[in-house]
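One structure is given below, encoded as structure tokens.
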Amino acid sequence: MSKTSVLKISRTSAAKVEHFRQSLYQEADNLFSNHIPMKIHQLDGLLKEDALSITDMSSLQAPLDIPIPDPPVPEEEEMETDENEGEEKKKKKAPKCGFIKGNEKIVQLLDKVKPEITALRETIIAVSCWIQHLIPKIEDGNDFGVAIQEKILERIAAVKTKVDGFQTNINKYFSERGDAVAKASKETHVMDYRSLVHEKDQAIYSEIRVILLDIRGFYAELYDIISKNLEKVTNPKGEEKPSMY
């Protein structure tokens with residue numbers, strides 16, 4: 001006969017876990033009572049700021065301290081012997097540029113956006129953990145409330161995946177802009193590389209607005225879906241005492 005495995009948990013350990021559960025419930029209560037409504041209002045105000053309401057994209061252009069080389073000398077003036085061609089080409093190399101700053105306007109906006117991304121990720125993790133702790137043990141029948149909990153967790157997981165991509169997009173901006181600046185400083189006679197740098201700045205500006213709109217929307221969606229299904233989320237089996245309390 002196979003022996004039934006028994007998980008032995010000391011009273012001290014059980015008390016620690018129960019303390020964590022209670023603090024998690026309190027955190028969830030605070031999230032939906034105060035934090036999430038406050039974040040929706042805060043993000044709504046942030047999106048209305050002048051820095052995030054720019055219509056003239058040319059105002060976003062950051063100066064590129066990259067010297068523009070002199071135009072090439074006409075062919076008839078370039079009659080040289082083969083021996084002197086190499087030395088002359090070295091003399092005609094484009095002047096080196098100095099330290100090139102990033103776009104300070106964009107950096108300032110990203111400094112506001114990145115904490116919002118982190119805050120939403122932490123909220124998602126807390127809400128997901130809270131719901132997981134409210135799921136009752138598996139039993140036959142009366143699982144409609146559990147199905148709602150699982151459906152909400154699926155949506156939260158999808159939101160988390162999208163939010164994780166926000167930081168990836170920011171990293172990609174710096175990488176691609178750096179490449180464009182490097183090319184512009186190396187191929188100083190190609191104006192398209194300079195234009196590419198400005199295009200990267202304009203693209204990330206639009207992306208910043210979209211990120212903030214998404215974050216605000218995710219907070220609103222999370223608040224809405226929990227408030228509409230609070231009874232089923234906190235008391236999936238329809239017991240007399242809700243699981244949350």
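By order of appearance in the structure tokens: chains A, B, ..., then residues from 1 within every chain, and ligands from 1 in the order shown.
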
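Omitting region 19-29 of chain A and its sequence neighbours fewer than 5 positions away, and counting only C-alpha atoms, the residues within 12 Å are Thr12, Ser13, Ala14, Asn34, His35, Ile36, Glu122, Thr123, Ile124, Ile125, Ala126, Val127, Ser128, Cys129, Trp130, Ile131, Gln132, His133, Leu134, Leu222, Tyr223, Ile226, Ser227, Leu230, Thr234, Ser243, Met244 and Tyr245 of chain A.
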
Could you take the residues named above and write them with N, CA and C atoms, as a short mmCIF file (atom, residue, chain, number, x, y, z; two decimals), in the first residue's frame?
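out_6.cif, freshly written:
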```cif
data_model
loop_
_atom_site.label_atom_id
_atom_site.label_comp_id
_atom_site.auth_asym_id
_atom_site.auth_seq_id
_atom_site.Cartn_x
_atom_site.Cartn_y
_atom_site.Cartn_z
N THR A 12 4.49 27.96 13.97
CA THR A 12 5.20 29.22 13.71
C THR A 12 5.19 29.56 12.23
N SER A 13 5.48 28.55 11.40
CA SER A 13 5.48 28.77 9.95
C SER A 13 4.08 29.10 9.44
N ALA A 14 3.09 28.39 9.94
CA ALA A 14 1.71 28.64 9.53
C ALA A 14 1.28 30.05 9.91
N ASN A 34 -8.04 53.09 -2.68
CA ASN A 34 -7.29 54.35 -2.75
C ASN A 34 -6.31 54.42 -3.92
N HIS A 35 -5.41 53.44 -3.99
CA HIS A 35 -4.28 53.55 -4.91
C HIS A 35 -4.68 53.61 -6.38
N ILE A 36 -5.50 52.67 -6.84
CA ILE A 36 -5.85 52.62 -8.26
C ILE A 36 -6.66 53.84 -8.69
N GLU A 122 4.03 46.18 -10.26
CA GLU A 122 3.90 45.75 -8.87
C GLU A 122 2.44 45.57 -8.48
N THR A 123 1.57 46.45 -9.00
CA THR A 123 0.14 46.33 -8.74
C THR A 123 -0.41 45.04 -9.34
N ILE A 124 -0.01 44.74 -10.56
CA ILE A 124 -0.46 43.52 -11.24
C ILE A 124 -0.06 42.28 -10.45
N ILE A 125 1.19 42.27 -9.97
CA ILE A 125 1.68 41.12 -9.20
C ILE A 125 0.89 40.97 -7.90
N ALA A 126 0.62 42.09 -7.23
CA ALA A 126 -0.11 42.04 -5.96
C ALA A 126 -1.54 41.55 -6.16
N VAL A 127 -2.22 42.06 -7.19
CA VAL A 127 -3.61 41.66 -7.45
C VAL A 127 -3.68 40.19 -7.85
N SER A 128 -2.73 39.77 -8.67
CA SER A 128 -2.70 38.38 -9.11
C SER A 128 -2.48 37.45 -7.92
N CYS A 129 -1.56 37.81 -7.04
CA CYS A 129 -1.28 36.99 -5.85
C CYS A 129 -2.49 36.96 -4.93
N TRP A 130 -3.16 38.09 -4.79
CA TRP A 130 -4.36 38.18 -3.94
C TRP A 130 -5.45 37.23 -4.44
N ILE A 131 -5.71 37.26 -5.74
CA ILE A 131 -6.75 36.39 -6.31
C ILE A 131 -6.35 34.92 -6.16
N GLN A 132 -5.08 34.62 -6.38
CA GLN A 132 -4.62 33.23 -6.22
C GLN A 132 -4.90 32.71 -4.82
N HIS A 133 -4.73 33.57 -3.82
CA HIS A 133 -4.97 33.14 -2.44
C HIS A 133 -6.45 33.01 -2.12
N LEU A 134 -7.31 33.56 -2.97
CA LEU A 134 -8.75 33.47 -2.76
C LEU A 134 -9.38 32.26 -3.45
N LEU A 222 -8.72 47.14 -14.61
CA LEU A 222 -8.54 46.31 -13.42
C LEU A 222 -9.56 46.69 -12.34
N TYR A 223 -9.73 47.99 -12.14
CA TYR A 223 -10.70 48.47 -11.15
C TYR A 223 -12.12 48.04 -11.53
N ILE A 226 -12.76 44.07 -11.27
CA ILE A 226 -12.81 43.58 -9.89
C ILE A 226 -14.06 44.10 -9.19
N SER A 227 -14.38 45.37 -9.38
CA SER A 227 -15.55 45.94 -8.71
C SER A 227 -16.85 45.28 -9.17
N LEU A 230 -16.63 41.55 -7.61
CA LEU A 230 -16.00 41.46 -6.29
C LEU A 230 -16.55 40.31 -5.47
N THR A 234 -14.06 37.32 -4.27
CA THR A 234 -13.71 37.15 -2.86
C THR A 234 -14.45 35.98 -2.20
N SER A 243 -14.45 34.92 1.56
CA SER A 243 -13.07 34.45 1.74
C SER A 243 -12.09 35.56 2.05
N MET A 244 -12.48 36.79 1.65
CA MET A 244 -11.52 37.90 1.82
C MET A 244 -11.38 38.29 3.29
N TYR A 245 -12.40 38.08 4.07
CA TYR A 245 -12.39 38.60 5.44
C TYR A 245 -12.37 37.48 6.47
#
```

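CA of Asn171 (chain A) is found 15.9 Å from CA of Glu104 (chain A).
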
Taken to one decimal, the CA of Ile225 (chain A)-CA of Thr161 (chain A) distance is 18.3 Å

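Proximity of A:Pro63, A:Asp56, A:Glu49, A:Lys101 to Ser195 (chain A), computed with only C-alpha atoms, is greatest for A:Pro63.
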